[in-house]
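Asker: One structure is given below, represented as structure tokens, and several questions about it will come after.
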Amino acid sequence: EERLEGRAESVVSGQIDVIIKTVGIKAFANAVIAYEPVWAIGTGLSASIEEIKQTHQKLKEFIDNPILYGGSVKPTNIEEILKVENVDGVLIGTASWDIESFKQILAISQNIK
């Protein structure tokens with residue numbers, strides 16, 4: 001609903017603010033952020049490349065931490081995701097359960113960036 005209503009960026013920035021207030025700016029400075037759209041968790045769906053680009057760009061406007069993308073990362077989309085500006089890596093979930101799939105992701109990612 002938040003994404004469809006155009007509130008995704010404000011929700012994500014609000015979440016970052018809560019994390020900073022909770023752990024403190026000093027601890028946050030050493031954090032790696034993993035972003036996964038809530039609607040993608042456990043669904044097998046992945047954000048569009050444009051959605052990933054927009055969200056990571058917005059995050060980079062106010063934090064300097066490395067940002068990983070998670071959300072149904074698989075051999076068929078890893079290359080395209082890793083080529084998105086401001087995506088510093090990926091968080092691999094279910095695809096890592098299958099060794100062949102995981103090996104494909106590793107092989108593809110070694111040739112990018």
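Ligands are numbered from 1 in the order shown, chains are lettered A, B, ... in the order of the structure tokens, and residues start at 1 in each chain.
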Compile the contact shell of segment 44-59 of chain A as a ChimeraX atom specification: residues with an atom at most 12 Å away, counting only C-alpha atoms, same-chain residues fewer than 6 positions apart removed.
Answerer: /A:3-4,6-17,33-38,65-74,76-90,92-95
Asker: Store the residues picked out above, limited to C-alpha atoms, as an mmCIF file, in the first residue's frame.
Answerer:
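Everything below was put into selection.cif:
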data_model
loop_
_atom_site.group_PDB
_atom_site.id
_atom_site.type_symbol
_atom_site.label_atom_id
_atom_site.label_comp_id
_atom_site.auth_asym_id
_atom_site.auth_seq_id
_atom_site.Cartn_x
_atom_site.Cartn_y
_atom_site.Cartn_z
ATOM 1 C CA ARG A 3 4.539 1.859 -2.389
ATOM 2 C CA LEU A 4 1.346 2.175 -4.403
ATOM 3 C CA GLY A 6 3.929 6.868 -3.298
ATOM 4 C CA ARG A 7 5.074 6.791 0.327
ATOM 5 C CA ALA A 8 7.841 4.197 0.027
ATOM 6 C CA GLU A 9 10.695 6.704 0.248
ATOM 7 C CA SER A 10 9.328 8.427 3.340
ATOM 8 C CA VAL A 11 8.684 5.064 5.022
ATOM 9 C CA VAL A 12 12.248 3.879 4.326
ATOM 10 C CA SER A 13 13.805 7.134 5.517
ATOM 11 C CA GLY A 14 11.656 6.942 8.656
ATOM 12 C CA GLN A 15 12.912 3.423 9.303
ATOM 13 C CA ILE A 16 16.525 4.600 9.008
ATOM 14 C CA ASP A 17 15.799 7.437 11.458
ATOM 15 C CA ILE A 33 22.100 -1.775 5.353
ATOM 16 C CA ALA A 34 20.090 -4.481 3.643
ATOM 17 C CA TYR A 35 17.003 -3.161 1.880
ATOM 18 C CA GLU A 36 14.183 -5.488 0.905
ATOM 19 C CA PRO A 37 10.701 -4.242 0.093
ATOM 20 C CA VAL A 38 8.270 -5.661 2.645
ATOM 21 C CA ASN A 65 26.622 3.147 4.497
ATOM 22 C CA PRO A 66 26.929 0.241 2.072
ATOM 23 C CA ILE A 67 23.453 -0.790 0.918
ATOM 24 C CA LEU A 68 22.606 -4.333 -0.145
ATOM 25 C CA TYR A 69 19.479 -5.255 -2.077
ATOM 26 C CA GLY A 70 17.523 -8.285 -0.947
ATOM 27 C CA GLY A 71 14.273 -9.455 -2.427
ATOM 28 C CA SER A 72 14.214 -12.605 -4.489
ATOM 29 C CA VAL A 73 17.752 -12.269 -5.792
ATOM 30 C CA LYS A 74 18.344 -15.204 -8.138
ATOM 31 C CA THR A 76 18.076 -14.656 -13.534
ATOM 32 C CA ASN A 77 18.239 -11.151 -12.024
ATOM 33 C CA ILE A 78 21.553 -10.902 -10.147
ATOM 34 C CA GLU A 79 23.477 -9.291 -13.000
ATOM 35 C CA GLU A 80 20.889 -6.602 -13.622
ATOM 36 C CA ILE A 81 20.541 -5.821 -9.898
ATOM 37 C CA LEU A 82 24.294 -5.549 -9.311
ATOM 38 C CA LYS A 83 24.599 -3.081 -12.184
ATOM 39 C CA VAL A 84 22.198 -0.640 -10.512
ATOM 40 C CA GLU A 85 23.930 2.475 -9.234
ATOM 41 C CA ASN A 86 24.133 2.604 -5.418
ATOM 42 C CA VAL A 87 23.584 -1.143 -5.019
ATOM 43 C CA ASP A 88 26.691 -2.195 -3.134
ATOM 44 C CA GLY A 89 25.837 -5.896 -3.033
ATOM 45 C CA VAL A 90 22.968 -8.280 -2.490
ATOM 46 C CA ILE A 92 20.629 -13.690 -0.981
ATOM 47 C CA GLY A 93 17.793 -15.514 0.691
ATOM 48 C CA THR A 94 15.997 -18.563 -0.624
ATOM 49 C CA ALA A 95 18.223 -18.857 -3.696
#
Asker: Please, which residues of chain A, numbered as in this document, come out strand (DSSP E) from DSSP, as a list in words?
Answerer: Ile33, Ala34, Tyr35, Ile67, Leu68, Tyr69, Gly70, Gly89, Val90 and Leu91 of chain A
Asker: Please measure the separation of atom CA of Pro75 of chain A and atom CA of Ile105 of chain A, giving the value in Å to one decimal.
Answerer: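 According to the coordinates, atom CA of Pro75 of chain A and atom CA of Ile105 of chain A are separated by 5.0 Å.
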Asker: For atom CA of Trp97 of chain A and atom CA of Gly42 of chain A, quote the distance in Å rounded to one decimal.
Answerer: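 These two atoms are separated by 13.4 Å.
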Asker: Which parts of chain A does DSSP call alpha helix (DSSP H) when run on the backbone here, written out as a count of residues only?
Answerer: 50
Asker: Kindly give the distance, in Å, that separates atom CA of Gln104 of chain A and atom CA of Leu91 of chain A, rounded to a single decimal.
Answerer: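 About the pair atom CA of Gln104 of chain A and atom CA of Leu91 of chain A: they are 14.8 Å apart.
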